[in-house]
$ cat target.txt   # compact mmCIF, C-alpha atoms
# COMPACT_ATOMS: atom_id res chain seq x y z
CA MET V 1 0.24 -14.27 17.77
CA LYS V 2 0.90 -17.27 15.53
CA VAL V 3 1.48 -16.36 11.89
CA LEU V 4 2.08 -18.62 8.90
CA ILE V 5 3.72 -17.29 5.76
CA ALA V 6 3.86 -19.14 2.44
CA THR V 7 7.63 -19.02 1.91
CA LYS V 8 10.91 -20.28 3.33
CA ASN V 9 12.78 -17.21 2.02
CA ALA V 10 14.54 -15.70 5.05
CA GLY V 11 14.31 -12.13 3.71
CA LYS V 12 10.57 -12.35 3.10
CA ILE V 13 9.97 -13.88 6.53
CA GLU V 14 12.05 -11.17 8.19
CA GLY V 15 10.25 -8.40 6.28
CA ALA V 16 6.83 -9.76 7.25
CA LYS V 17 7.87 -10.08 10.89
CA LYS V 18 9.19 -6.50 10.95
CA ALA V 19 5.85 -5.26 9.57
CA LEU V 20 3.84 -7.20 12.16
CA LEU V 21 6.05 -6.03 15.04
CA HIS V 22 5.03 -2.42 14.34
CA TYR V 23 1.53 -3.33 15.57
CA PHE V 24 1.70 -6.56 17.61
CA GLU V 25 3.85 -8.18 20.28
CA GLY V 26 4.84 -11.79 20.67
CA ILE V 27 4.90 -12.69 16.98
CA GLU V 28 5.70 -16.32 16.18
CA ILE V 29 6.10 -16.68 12.42
CA GLU V 30 6.58 -19.94 10.56
CA GLY V 31 7.49 -20.21 6.90
CA ILE V 32 5.99 -22.98 4.80
CA PRO V 33 6.85 -23.03 1.08
CA LEU V 34 3.74 -23.50 -1.06
CA GLU V 35 2.88 -23.11 -4.72
CA SER V 36 1.42 -19.95 -6.22
CA ASN V 37 -0.28 -21.76 -9.12
CA VAL V 38 0.80 -18.97 -11.47
CA PRO V 39 3.78 -18.83 -13.88
CA GLU V 40 7.28 -18.56 -12.39
CA GLN V 41 7.28 -14.91 -13.50
CA PRO V 42 3.81 -13.51 -12.80
CA VAL V 43 2.61 -10.74 -15.10
CA ASN V 44 0.01 -8.09 -14.18
CA ASN V 45 -2.96 -9.59 -12.28
CA GLU V 46 -1.13 -12.90 -11.84
CA ILE V 47 0.88 -11.20 -9.09
CA TYR V 48 -2.16 -10.79 -6.85
CA SER V 49 -3.50 -14.21 -7.89
CA GLY V 50 -0.20 -15.85 -6.94
CA ALA V 51 -0.17 -14.32 -3.45
CA LYS V 52 -3.87 -15.13 -2.96
CA ASN V 53 -3.31 -18.73 -4.11
CA ARG V 54 -0.38 -19.13 -1.72
CA VAL V 55 -2.59 -18.01 1.20
CA LYS V 56 -5.34 -20.40 0.09
CA ASN V 57 -2.81 -23.25 -0.12
CA LEU V 58 -1.36 -22.23 3.26
CA LYS V 59 -4.77 -22.37 4.95
CA LYS V 60 -5.42 -25.80 3.43
CA TYR V 61 -1.99 -27.02 4.56
CA ALA V 62 -2.62 -25.72 8.09
CA ASN V 63 -6.03 -27.38 8.20
CA ASP V 64 -4.73 -30.69 6.82
CA ASN V 65 -1.85 -30.69 9.35
CA ASN V 66 -3.83 -29.46 12.35
CA ILE V 67 -1.80 -26.24 12.61
CA LYS V 68 -3.54 -23.31 14.30
CA ALA V 69 -2.65 -19.76 13.31
CA ASP V 70 -4.08 -16.26 13.70
CA LEU V 71 -2.92 -14.86 10.36
CA TYR V 72 -1.92 -16.32 6.99
CA LEU V 73 0.44 -14.32 4.79
CA ALA V 74 1.93 -14.51 1.31
CA ILE V 75 3.81 -12.19 -0.99
CA GLU V 76 4.35 -12.46 -4.72
CA SER V 77 6.67 -10.44 -6.91
CA GLY V 78 6.01 -9.86 -10.58
CA ILE V 79 6.23 -7.58 -13.56
CA ASN V 80 3.37 -5.33 -14.57
CA ASN V 81 2.52 -2.50 -16.93
CA LEU V 82 -0.72 -1.49 -15.26
CA LEU V 83 0.36 2.16 -15.32
CA GLY V 84 1.61 2.06 -18.90
CA ARG V 85 5.25 1.40 -17.93
CA TRP V 86 6.86 -1.92 -17.00
CA MET V 87 7.83 -2.28 -13.36
CA ILE V 88 8.42 -4.89 -10.66
CA THR V 89 5.91 -4.90 -7.80
CA ASN V 90 5.38 -7.07 -4.74
CA ILE V 91 1.83 -7.78 -3.61
CA ALA V 92 1.20 -9.02 -0.08
CA VAL V 93 -2.00 -10.78 0.99
CA ILE V 94 -3.16 -11.30 4.58
CA GLU V 95 -6.09 -13.41 5.75
CA ASP V 96 -7.37 -14.42 9.17
CA ASN V 97 -9.49 -17.41 10.19
CA ASP V 98 -12.74 -15.61 9.40
CA THR V 99 -13.62 -13.71 6.24
CA PHE V 100 -11.02 -10.94 6.52
CA GLU V 101 -8.64 -10.47 3.59
CA SER V 102 -6.41 -7.55 2.80
CA TYR V 103 -3.61 -6.79 0.38
CA GLY V 104 -0.93 -4.20 -0.15
CA THR V 105 1.89 -3.41 -2.52
CA SER V 106 5.50 -2.46 -2.13
CA PRO V 107 7.07 0.43 -3.94
CA SER V 108 7.72 -0.56 -7.55
CA PHE V 109 10.83 -0.13 -9.64
CA PRO V 110 11.14 0.25 -13.41
CA VAL V 111 12.33 -2.45 -15.79
CA PRO V 112 14.29 -1.18 -18.81
CA GLU V 113 12.30 -1.75 -21.99
CA ASN V 114 15.09 -3.85 -23.52
CA LEU V 115 14.86 -6.34 -20.60
CA VAL V 116 11.06 -6.68 -20.32
CA GLU V 117 10.72 -9.63 -22.71
CA ASP V 118 13.56 -11.50 -20.99
CA VAL V 119 11.98 -10.94 -17.56
CA ILE V 120 8.58 -12.15 -18.78
CA ASN V 121 10.03 -15.21 -20.55
CA THR V 122 12.33 -16.26 -17.70
CA ASP V 123 12.16 -14.34 -14.43
CA LEU V 124 13.70 -11.29 -12.82
CA SER V 125 16.32 -13.31 -10.97
CA GLU V 126 17.71 -14.85 -14.15
CA VAL V 127 17.85 -11.49 -15.88
CA MET V 128 19.57 -9.96 -12.84
CA ASN V 129 22.13 -12.80 -12.99
CA LYS V 130 22.87 -11.88 -16.62
CA VAL V 131 23.12 -8.14 -15.96
CA PHE V 132 24.96 -8.43 -12.63
CA GLU V 133 27.13 -11.21 -11.23
CA LYS V 134 25.24 -14.05 -9.56
CA ASP V 135 25.14 -13.30 -5.85
CA GLU V 136 23.75 -15.78 -3.31
CA GLU V 137 23.22 -13.04 -0.71
CA ARG V 138 20.98 -11.22 -3.19
CA HIS V 139 19.01 -14.39 -3.79
CA ASN V 140 18.58 -15.12 -0.09
CA LYS V 141 18.00 -11.74 1.54
CA GLY V 142 18.77 -8.51 -0.27
CA GLY V 143 17.08 -9.18 -3.59
CA GLY V 144 17.80 -7.45 -6.87
CA ILE V 145 16.57 -4.17 -5.43
CA GLN V 146 19.61 -4.09 -3.15
CA LEU V 147 21.87 -3.99 -6.22
CA LEU V 148 19.67 -1.51 -8.08
CA THR V 149 19.52 0.93 -5.13
CA HIS V 150 23.21 0.54 -4.28
CA ASN V 151 22.41 -1.06 -0.90
CA LYS V 152 19.78 1.50 0.17
CA ILE V 153 16.71 -0.80 -0.04
CA THR V 154 16.51 -4.58 0.30
CA ARG V 155 13.91 -7.26 -0.37
CA ILE V 156 13.30 -7.18 3.40
CA ASP V 157 12.37 -3.49 3.15
CA LEU V 158 10.03 -4.05 0.18
CA THR V 159 8.37 -6.99 1.94
CA GLU V 160 7.95 -4.99 5.15
CA MET V 161 6.37 -2.09 3.25
CA ALA V 162 3.97 -4.34 1.31
CA PHE V 163 2.79 -6.03 4.52
CA ILE V 164 2.40 -2.69 6.32
CA MET V 165 0.16 -1.58 3.45
CA ALA V 166 -1.83 -4.81 3.72
CA LEU V 167 -2.15 -4.33 7.49
CA THR V 168 -3.82 -0.92 7.12
CA LYS V 169 -7.20 -2.61 6.70
CA TYR V 170 -6.54 -5.10 9.49
CA ILE V 171 -5.50 -2.57 12.14
CA ASN V 172 -8.27 -0.06 11.32
CA GLU V 173 -11.68 -1.64 11.82
CA ASN V 174 -13.48 1.39 10.33
CA TRP V 175 -11.40 0.95 7.12
CA ARG V 176 -12.65 -2.57 6.44

$ encode --input "target.txt" --output "structure tokens"
Amino acid sequence: MKVLIATKNAGKIEGAKKALLHYFEGIEIEGIPLESNVPEQPVNNEIYSGAKNRVKNLKKYANDNNIKADLYLAIESGINNLLGRWMITNIAVIEDNDTFESYGTSPSFPVPENLVEDVINTDLSEVMNKVFEKDEERHNKGGGIQLLTHNKITRIDLTEMAFIMALTKYINENWR
């Protein structure tokens, strides 16, 4: 199965591949960095829009470059207060070559009230760099969640969970 994902981030690619391997064999996944067309730090519904836009841009890129794939994936992280409290959530979007589209979210984690404005005005990564020491491993694979959970959960885990949630519609035809 050929899969394209709209990122070059190694942790996100690994998380997506782990999710797919729960249900499929022979996964070939290629990362292609594409724009989300939303602000650097998406807020509320911009999170879904960013992931959806990345998939749309990925499909166009594949078409323009004669690349064939079975699935197109993207994931976007952002801050939201949709439940009345500020938190960071990842939203994954999956599309195929037909009309199928699904989405899923990762577990979310809270943002302290005194940091919300800074996260919205810059991005989570910059705020994490201020609160914790800058750490290239965190930027590349583990993510801020690795620091916040004291190495219990990584960006790879959150990405895997979000894509498993998105796959629930894809792997269950009667759930479409």

$ atom_distance --input "target.txt" --atom1 "atom CA of Pro112 of chain V" --atom2 "atom CA of Glu35 of chain V"
28.5 Å

$ axis_aligned_box --input "target.txt" --around "segment 115-132 of chain V" --padding-each-side "3 Å" --output "lines of an AutoDock Vina configuration file"
center_x = 16.8
center_y = -11.3
center_z = -16.8
size_x = 22.4
size_y = 15.9
size_z = 17.7

$ atom_distance --input "target.txt" --atom1 "atom CA of Gly15 of chain V" --atom2 "atom CA of Thr154 of chain V"
9.5 Å

$ residues_around --input "target.txt" --residues "segment 113-115 of chain V" --least-positions-apart "6" --cutoff "12 Å" --atoms "only C-alpha atoms" --output "MDAnalysis selection string"
chainID V and resid 79 81 84:88 121:128 130:131

$ atom_distance --input "target.txt" --atom1 "atom CA of Met165 of chain V" --atom2 "atom CA of Ile67 of chain V"
26.4 Å

$ residues_around --input "target.txt" --residues "Glu14 of chain V" --least-positions-apart "5" --cutoff "12 Å" --atoms "all atoms listed in the file" --output "list in words"
Ile5, Thr7, Lys8, Asn9, Ala19, Leu20, Leu21, Ile27, Glu28, Ile29, Glu30, Gly31, Asn140, Lys141, Gly142, Thr154, Arg155, Ile156, Asp157, Leu158, Thr159, Glu160, Met161 and Phe163 of chain V

$ write_last_selection --input "target.txt" --atoms "C-alpha atoms" --output "PDB file, in the coordinates of the input"
ATOM      1  CA  ILE V   5       3.720 -17.290   5.760  1.00  0.00           C
ATOM      2  CA  THR V   7       7.630 -19.020   1.910  1.00  0.00           C
ATOM      3  CA  LYS V   8      10.910 -20.280   3.330  1.00  0.00           C
ATOM      4  CA  ASN V   9      12.780 -17.210   2.020  1.00  0.00           C
ATOM      5  CA  ALA V  19       5.850  -5.260   9.570  1.00  0.00           C
ATOM      6  CA  LEU V  20       3.840  -7.200  12.160  1.00  0.00           C
ATOM      7  CA  LEU V  21       6.050  -6.030  15.040  1.00  0.00           C
ATOM      8  CA  ILE V  27       4.900 -12.690  16.980  1.00  0.00           C
ATOM      9  CA  GLU V  28       5.700 -16.320  16.180  1.00  0.00           C
ATOM     10  CA  ILE V  29       6.100 -16.680  12.420  1.00  0.00           C
ATOM     11  CA  GLU V  30       6.580 -19.940  10.560  1.00  0.00           C
ATOM     12  CA  GLY V  31       7.490 -20.210   6.900  1.00  0.00           C
ATOM     13  CA  ASN V 140      18.580 -15.120  -0.090  1.00  0.00           C
ATOM     14  CA  LYS V 141      18.000 -11.740   1.540  1.00  0.00           C
ATOM     15  CA  GLY V 142      18.770  -8.510  -0.270  1.00  0.00           C
ATOM     16  CA  THR V 154      16.510  -4.580   0.300  1.00  0.00           C
ATOM     17  CA  ARG V 155      13.910  -7.260  -0.370  1.00  0.00           C
ATOM     18  CA  ILE V 156      13.300  -7.180   3.400  1.00  0.00           C
ATOM     19  CA  ASP V 157      12.370  -3.490   3.150  1.00  0.00           C
ATOM     20  CA  LEU V 158      10.030  -4.050   0.180  1.00  0.00           C
ATOM     21  CA  THR V 159       8.370  -6.990   1.940  1.00  0.00           C
ATOM     22  CA  GLU V 160       7.950  -4.990   5.150  1.00  0.00           C
ATOM     23  CA  MET V 161       6.370  -2.090   3.250  1.00  0.00           C
ATOM     24  CA  PHE V 163       2.790  -6.030   4.520  1.00  0.00           C
TER      25      PHE V 163
END

$ residues_around --input "target.txt" --residues "Asn45 of chain V" --least-positions-apart "6" --cutoff "10 Å" --atoms "only C-alpha atoms" --output "number ranges by chain"
V: 78-80, 82

$ closest_residue --input "target.txt" --among "V:Met1, V:Val116, V:Val111, V:Ile47" --to "Tyr72 of chain V" --atoms "only C-alpha atoms"
V:Met1

$ closest_residue --input "target.txt" --among "V:Leu148, V:Asp96, V:Leu4, V:Glu76" --to "Gln41 of chain V" --atoms "only C-alpha atoms"
V:Glu76

$ residues_around --input "target.txt" --residues "Asn97 of chain V" --least-positions-apart "4" --cutoff "12 Å" --atoms "all atoms listed in the file" --output "JSON list (two decimals) with C-alpha atoms, keeping the file's coordinate frame"
[["chain", "number", "residue", "atom", "x", "y", "z"],
["V", 2, "LYS", "CA", 0.90, -17.27, 15.53],
["V", 3, "VAL", "CA", 1.48, -16.36, 11.89],
["V", 4, "LEU", "CA", 2.08, -18.62, 8.90],
["V", 55, "VAL", "CA", -2.59, -18.01, 1.20],
["V", 56, "LYS", "CA", -5.34, -20.40, 0.09],
["V", 58, "LEU", "CA", -1.36, -22.23, 3.26],
["V", 59, "LYS", "CA", -4.77, -22.37, 4.95],
["V", 60, "LYS", "CA", -5.42, -25.80, 3.43],
["V", 62, "ALA", "CA", -2.62, -25.72, 8.09],
["V", 63, "ASN", "CA", -6.03, -27.38, 8.20],
["V", 67, "ILE", "CA", -1.80, -26.24, 12.61],
["V", 68, "LYS", "CA", -3.54, -23.31, 14.30],
["V", 69, "ALA", "CA", -2.65, -19.76, 13.31],
["V", 70, "ASP", "CA", -4.08, -16.26, 13.70],
["V", 71, "LEU", "CA", -2.92, -14.86, 10.36],
["V", 72, "TYR", "CA", -1.92, -16.32, 6.99],
["V", 73, "LEU", "CA", 0.44, -14.32, 4.79],
["V", 101, "GLU", "CA", -8.64, -10.47, 3.59]]

$ closest_residue --input "target.txt" --among "V:Ala10, V:Ala162, V:Leu167, V:Ile32" --to "Asn90 of chain V" --atoms "only C-alpha atoms"
V:Ala162

$ residues_near_point --input "target.txt" --point "(-4.2, -18.1, -7.1)" --cutoff "7 Å" --atoms "all atoms listed in the file" --output "PyMOL selection string"
chain V and resi 36-38+49-54

$ residues_around --input "target.txt" --residues "Tyr48 of chain V" --least-positions-apart "5" --cutoff "8 Å" --atoms "all atoms listed in the file" --output "MDAnalysis selection string"
chainID V and resid 76 91:93
